[in-house]
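Asks: start-v8.cif (mmCIF, C-alpha atoms) pasted underneath:
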```cif
data_input
#
loop_
_atom_site.label_atom_id
_atom_site.label_comp_id
_atom_site.auth_asym_id
_atom_site.auth_seq_id
_atom_site.Cartn_x
_atom_site.Cartn_y
_atom_site.Cartn_z
CA MET A 1 -4.62 55.65 191.68
CA GLN A 2 -7.68 57.75 192.48
CA ARG A 3 -10.96 56.30 191.30
CA LEU A 4 -13.48 58.64 189.74
CA PRO A 5 -17.03 58.48 191.12
CA PRO A 6 -19.57 57.00 188.75
CA PRO A 7 -21.76 59.57 186.99
CA THR A 8 -24.98 57.73 187.75
CA ARG A 9 -25.81 59.79 190.86
CA ALA A 10 -25.77 63.08 188.95
CA LEU A 11 -27.90 61.57 186.20
CA GLU A 12 -30.38 60.20 188.70
CA LYS A 13 -30.69 63.59 190.38
CA ARG A 14 -31.33 65.28 187.03
CA ALA A 15 -33.85 62.66 186.06
CA THR A 16 -35.97 63.34 189.13
CA SER A 17 -36.52 66.96 188.05
CA GLY A 18 -38.14 66.04 184.74
CA PRO A 19 -37.49 64.30 181.44
CA VAL A 20 -34.20 64.90 179.61
CA ILE A 21 -34.90 66.09 176.07
CA ILE A 22 -32.10 65.54 173.58
CA PRO A 23 -32.57 67.65 170.43
CA VAL A 24 -32.17 65.83 167.12
CA MET A 25 -30.52 67.83 164.34
CA THR A 26 -32.27 67.42 161.01
CA SER A 27 -31.45 68.78 157.58
CA PRO A 28 -34.01 71.09 155.97
CA ALA A 29 -36.22 69.40 153.42
CA PRO A 30 -35.06 70.06 149.85
CA THR A 31 -37.03 72.57 147.83
CA PRO A 32 -39.13 70.61 145.34
CA GLU A 33 -38.88 70.98 141.58
CA PRO A 34 -40.22 74.41 140.57
CA SER A 35 -43.26 74.52 138.30
CA THR A 36 -41.89 77.63 136.55
CA PHE A 37 -38.40 78.96 136.00
CA PRO A 38 -37.57 80.84 139.24
CA ASP A 39 -37.23 84.61 139.00
CA GLU A 40 -34.39 84.76 141.54
CA THR A 41 -31.48 82.61 142.70
CA THR A 42 -33.07 79.32 143.79
CA GLU A 43 -31.73 76.00 145.05
CA PHE A 44 -33.96 73.01 144.38
CA THR A 45 -34.02 69.35 143.41
CA LEU A 46 -34.94 67.78 140.09
CA GLN A 47 -35.92 64.20 139.44
CA GLY A 48 -33.01 62.52 137.69
CA PRO A 49 -32.70 59.05 136.16
CA VAL A 50 -31.57 57.45 139.45
CA GLY A 51 -32.94 59.87 142.02
CA LEU A 52 -32.95 63.52 142.96
CA LEU A 53 -30.37 65.94 141.55
CA GLU A 54 -29.37 69.14 143.35
CA ALA A 55 -29.61 72.26 141.20
CA ILE A 56 -29.27 76.03 141.38
CA SER A 57 -30.90 78.41 138.91
CA ASP A 58 -30.31 82.11 138.47
CA VAL A 59 -31.59 84.84 136.18
CA ALA A 60 -30.05 87.70 134.27
CA GLU A 61 -30.81 91.29 135.13
CA PRO A 62 -34.01 92.31 133.28
CA ALA A 63 -32.23 95.01 131.29
CA ASP A 64 -29.71 92.44 130.00
CA ALA A 65 -31.95 89.39 129.67
CA ARG A 66 -31.77 87.28 126.50
CA ARG A 67 -33.99 84.46 125.33
CA GLY A 68 -31.62 81.71 126.36
CA VAL A 69 -30.81 79.30 129.17
CA ALA A 70 -27.32 77.95 129.87
CA VAL A 71 -26.94 74.57 131.58
CA ILE A 72 -23.51 74.33 133.22
CA CYS A 73 -21.67 71.14 134.22
CA HIS A 74 -18.98 70.69 136.89
CA PRO A 75 -15.67 68.76 137.13
CA ASN A 76 -15.31 65.10 138.07
CA SER A 77 -17.09 64.27 141.32
CA LYS A 78 -14.43 61.61 142.05
CA ASP A 79 -11.99 64.50 142.46
CA GLY A 80 -14.37 66.59 144.54
CA GLY A 81 -16.02 68.48 141.69
CA THR A 82 -19.43 70.05 142.34
CA MET A 83 -21.63 72.81 140.97
CA ARG A 84 -20.03 75.14 143.53
CA ASN A 85 -16.56 74.82 142.00
CA LYS A 86 -15.07 78.31 141.57
CA VAL A 87 -14.50 77.94 137.82
CA VAL A 88 -18.09 76.75 137.40
CA THR A 89 -19.44 79.66 139.43
CA MET A 90 -17.36 82.16 137.44
CA LEU A 91 -18.54 80.59 134.18
CA GLU A 92 -22.11 80.87 135.43
CA ARG A 93 -21.56 84.51 136.32
CA SER A 94 -20.10 85.36 132.93
CA LEU A 95 -23.05 83.84 131.09
CA ARG A 96 -25.63 85.41 133.39
CA GLU A 97 -23.98 88.82 132.98
CA SER A 98 -24.18 88.23 129.22
CA GLY A 99 -27.96 87.95 129.57
CA LEU A 100 -28.59 84.22 129.88
CA ASP A 101 -30.53 82.56 132.65
CA THR A 102 -28.53 79.69 134.12
CA VAL A 103 -28.90 76.26 135.68
CA ARG A 104 -26.07 74.34 137.30
CA PHE A 105 -26.49 71.02 139.03
CA ASN A 106 -24.65 68.24 140.80
CA PHE A 107 -24.12 65.09 138.80
CA ARG A 108 -25.06 61.81 140.45
CA SER A 109 -22.81 61.16 143.50
CA ALA A 110 -21.82 64.83 143.83
CA GLY A 111 -23.07 66.70 146.89
CA ASP A 112 -26.46 65.29 147.85
CA SER A 113 -27.40 64.11 144.35
CA ALA A 114 -28.43 60.46 144.29
CA GLY A 115 -26.55 57.70 142.51
CA THR A 116 -22.96 56.65 141.95
CA TYR A 117 -20.29 57.92 139.59
CA ASP A 118 -20.67 56.49 136.06
CA ASN A 119 -17.69 57.73 134.03
CA GLY A 120 -19.70 60.18 131.96
CA ILE A 121 -22.40 57.74 130.81
CA GLY A 122 -24.92 58.13 133.62
CA GLU A 123 -23.86 61.77 133.96
CA SER A 124 -25.01 62.26 130.36
CA ASP A 125 -28.44 61.04 131.42
CA ASP A 126 -28.38 63.50 134.33
CA LEU A 127 -27.61 66.33 131.91
CA ALA A 128 -30.45 65.24 129.63
CA ALA A 129 -32.89 65.34 132.58
CA VAL A 130 -31.84 68.88 133.52
CA VAL A 131 -32.05 70.04 129.90
CA ALA A 132 -35.54 68.51 129.64
CA TRP A 133 -36.63 70.52 132.67
CA ALA A 134 -35.09 73.73 131.31
CA ARG A 135 -36.83 73.26 127.97
CA LYS A 136 -40.12 72.53 129.69
CA MET A 137 -39.80 75.78 131.65
CA ARG A 138 -38.52 77.83 128.70
CA PRO A 139 -39.66 76.06 125.51
CA ASP A 140 -38.87 79.02 123.24
CA ASP A 141 -35.40 79.76 124.60
CA ALA A 142 -32.06 78.90 123.04
CA LEU A 143 -30.17 76.17 124.88
CA TRP A 144 -26.51 76.72 125.69
CA LEU A 145 -24.34 74.03 127.23
CA ALA A 146 -21.18 74.85 129.16
CA GLY A 147 -18.79 72.79 131.23
CA PHE A 148 -15.47 72.76 132.99
CA SER A 149 -13.03 69.82 132.73
CA PHE A 150 -15.08 66.59 133.07
CA GLY A 151 -18.17 68.76 132.69
CA SER A 152 -16.92 69.94 129.30
CA TYR A 153 -16.54 66.30 128.24
CA VAL A 154 -20.13 65.51 129.24
CA THR A 155 -21.53 68.57 127.46
CA LEU A 156 -19.49 67.92 124.30
CA ARG A 157 -20.58 64.27 124.39
CA ASN A 158 -24.21 65.38 124.28
CA ALA A 159 -24.22 68.69 122.39
CA VAL A 160 -25.44 67.20 119.10
CA LYS A 161 -27.95 64.85 120.72
CA LEU A 162 -29.44 67.63 122.83
CA LYS A 163 -29.39 70.10 119.92
CA ALA A 164 -27.43 72.77 121.74
CA ASP A 165 -27.44 76.24 120.22
CA ALA A 166 -23.98 77.04 121.61
CA LEU A 167 -21.27 75.18 123.52
CA ILE A 168 -18.55 76.41 125.88
CA SER A 169 -15.73 74.06 126.92
CA ILE A 170 -13.34 75.14 129.67
CA ALA A 171 -10.18 72.98 129.90
CA PRO A 172 -11.62 70.01 127.96
CA PRO A 173 -9.91 66.82 129.21
CA ILE A 174 -8.43 65.63 125.92
CA GLY A 175 -6.45 62.45 126.58
CA ARG A 176 -8.31 61.64 129.78
CA TRP A 177 -11.61 60.63 128.11
CA GLU A 178 -12.34 59.40 124.62
CA HIS A 179 -13.02 62.33 122.30
CA GLU A 180 -12.12 60.88 118.91
CA THR A 181 -15.47 59.15 118.36
CA LEU A 182 -17.74 61.94 119.59
CA ALA A 183 -20.21 63.63 117.25
CA LEU A 184 -18.98 67.20 117.20
CA PRO A 185 -21.33 70.20 117.13
CA THR A 186 -21.73 72.65 114.29
CA CYS A 187 -23.18 75.33 116.58
CA PRO A 188 -20.98 78.16 117.89
CA TRP A 189 -18.36 76.59 120.14
CA LEU A 190 -15.75 78.15 122.41
CA VAL A 191 -12.78 76.44 124.06
CA VAL A 192 -10.76 78.18 126.78
CA MET A 193 -7.48 76.52 127.79
CA GLY A 194 -4.80 77.53 130.25
CA GLU A 195 -1.34 77.22 128.71
CA GLU A 196 0.12 75.91 131.99
CA ASP A 197 -2.61 73.38 132.77
CA GLU A 198 -1.14 70.80 135.13
CA ILE A 199 -3.95 68.23 134.73
CA VAL A 200 -4.81 68.32 131.03
CA GLU A 201 -1.91 68.52 128.57
CA PRO A 202 -2.42 71.88 126.78
CA GLN A 203 -0.61 70.86 123.60
CA ALA A 204 -2.84 67.79 123.29
CA VAL A 205 -5.86 70.10 123.31
CA PHE A 206 -4.31 72.45 120.75
CA ASP A 207 -3.33 69.55 118.48
CA TRP A 208 -6.82 68.04 118.74
CA ILE A 209 -8.44 71.34 117.79
CA ASP A 210 -6.08 71.72 114.82
CA SER A 211 -7.17 68.28 113.59
CA LEU A 212 -10.87 69.17 113.41
CA GLU A 213 -12.59 70.11 110.17
CA GLN A 214 -14.76 72.66 111.97
CA PRO A 215 -12.63 73.73 114.93
CA PRO A 216 -14.05 75.77 117.78
CA GLU A 217 -12.96 79.27 118.64
CA LEU A 218 -9.94 78.86 120.91
CA ILE A 219 -8.77 81.19 123.67
CA ARG A 220 -5.33 80.34 125.03
CA MET A 221 -4.74 81.86 128.46
CA PRO A 222 -1.04 82.19 129.34
CA GLU A 223 0.39 81.85 132.83
CA THR A 224 -2.49 79.91 134.31
CA GLY A 225 -3.29 76.29 135.10
CA HIS A 226 -6.31 74.03 135.22
CA PHE A 227 -8.18 75.98 137.91
CA PHE A 228 -7.29 79.45 136.59
CA HIS A 229 -5.79 80.58 139.89
CA ARG A 230 -5.50 84.39 139.97
CA ARG A 231 -7.03 84.51 136.48
CA LEU A 232 -10.71 83.88 137.18
CA MET A 233 -11.69 87.46 136.39
CA ASP A 234 -9.77 87.18 133.13
CA LEU A 235 -11.70 84.00 132.36
CA ARG A 236 -14.95 85.83 133.02
CA GLY A 237 -14.00 88.65 130.64
CA ALA A 238 -12.77 86.28 127.94
CA VAL A 239 -16.01 84.30 127.90
CA LYS A 240 -18.21 87.41 127.90
CA HIS A 241 -16.27 88.95 125.03
CA ALA A 242 -16.20 85.75 122.96
CA VAL A 243 -19.96 85.04 123.09
CA GLN A 244 -21.25 88.54 122.32
CA ASP A 245 -22.02 87.74 118.69
CA TRP A 246 -23.80 84.49 119.57
CA LEU A 247 -26.32 85.84 122.04
CA PRO A 248 -30.03 85.22 121.34
CA PRO A 249 -32.50 88.11 121.05
CA ARG A 250 -33.41 90.16 124.08
CA ARG A 251 -36.12 88.73 126.28
CA HIS A 252 -38.07 92.00 126.65
#
```
Represent the structure contained in this file as structure tokens.

Replies:
Amino acid sequence: MQRLPPPTRALEKRATSGPVIIPVMTSPAPTPEPSTFPDETTEFTLQGPVGLLEAISDVAEPADARRGVAVICHPNSKDGGTMRNKVVTMLERSLRESGLDTVRFNFRSAGDSAGTYDNGIGESDDLAAVVAWARKMRPDDALWLAGFSFGSYVTLRNAVKLKADALISIAPPIGRWEHETLALPTCPWLVVMGEEDEIVEPQAVFDWIDSLEQPPELIRMPETGHFFHRRLMDLRGAVKHAVQDWLPPRRH
């Protein structure tokens, strides 16, 4: 068996020609919390209850702008949900195109946000921190809450407490988290549900809505599942059409 020569000789030869510099890869420092609402797409961090939360804000086109901010929540981080989920980004787009400025963020444990998953309890505190920042930046704006799956549970759980002016729930996880004891909003409220959802039982959602004294507006989307595969543009159009009569006054 042939023995390989030790690499020390080559290293020694290189060392005699000067020091060996090994570059260290570092991540860019996070953008600190803005002192005003950014006027373009901006990624930044906000101080949350247990550490920094990643966030992205965006603004409506000036000609379409309304006096409102939508805070948007993502699916369960235990299943890989983040603010970059495609349903979340399409929901953000539909609201921004409707004239609202938007903020989406990573709950604790998602992406680089600090903390550990807390089954909707700590995540409610995260939402409250982001809403507090949005209201500080835009004290005279209407507050809209929107969420997908687990995010819709967190926003519904807090809509009354945070005094939301409108609520949008995409594929609310009825049967997966406790909804029966939640204080339900009286503000305008939209639910969008795929009729072939493979994660949340659609009929459970429909039955729950039928049981409410003040049910939300319901859009049933046929031939699509939980993640609205091949129907994301339809989701965008459905949300934009449904909220037209709820929009706050124009900003300018």

Asks: Evaluate the PyMOL selection byres ((chain A and resi 54) around 6) against this structure - the residues, as a ChimeraX atom specification, please.

Replies: /A:45,53,55,105-106,113

Asks: Between atom CA of A:Thr41 and atom CA of A:Thr89, measure the distance and give it in Å to one decimal.

Replies: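 Separating atom CA of A:Thr41 from atom CA of A:Thr89 is a distance of 12.8 Å.
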
Asks: Given the PyMOL selection byres ((chain A and resi 226) around 12) and the file above, list the residues it selects as a ChimeraX atom specification.

Replies: /A:75,86-87,148-150,170-173,192-202,221-225,227-232,235

Asks: Env of A:Met233: 10 Å cut, atoms = all atoms listed in the file, seq-sep filter 4 positions within chain, self excluded. Answer as JSON, numbers by chain.

Replies: {"A": [90, 91, 94, 228, 229, 237, 238]}

Asks: For atom CA of A:Arg66 and atom CA of A:Arg138, determine how far apart the two atoms are, in Å to one decimal place.

Replies: 11.8 Å

Asks: With only C-alpha atoms as the counted atoms, please give the residues lying no more than 9 Å from A:Asp39, apart from itself and same-chain residues fewer than 6 positions off, as a VMD selection string.

Replies: chain A and resid 57 to 59

Asks: Counting only C-alpha atoms, which residue out of A:Glu61, A:Glu33, A:Glu217, A:Asp234 sits closest to A:Ser169?

Replies: A:Glu217

Asks: Ranking A:Val88, A:Ala110, A:Leu184, A:Ala65 by minimum distance to A:Arg236 and counting only C-alpha atoms, which one comes first?

Replies: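 Selected residue with least distance to A:Arg236: A:Val88.
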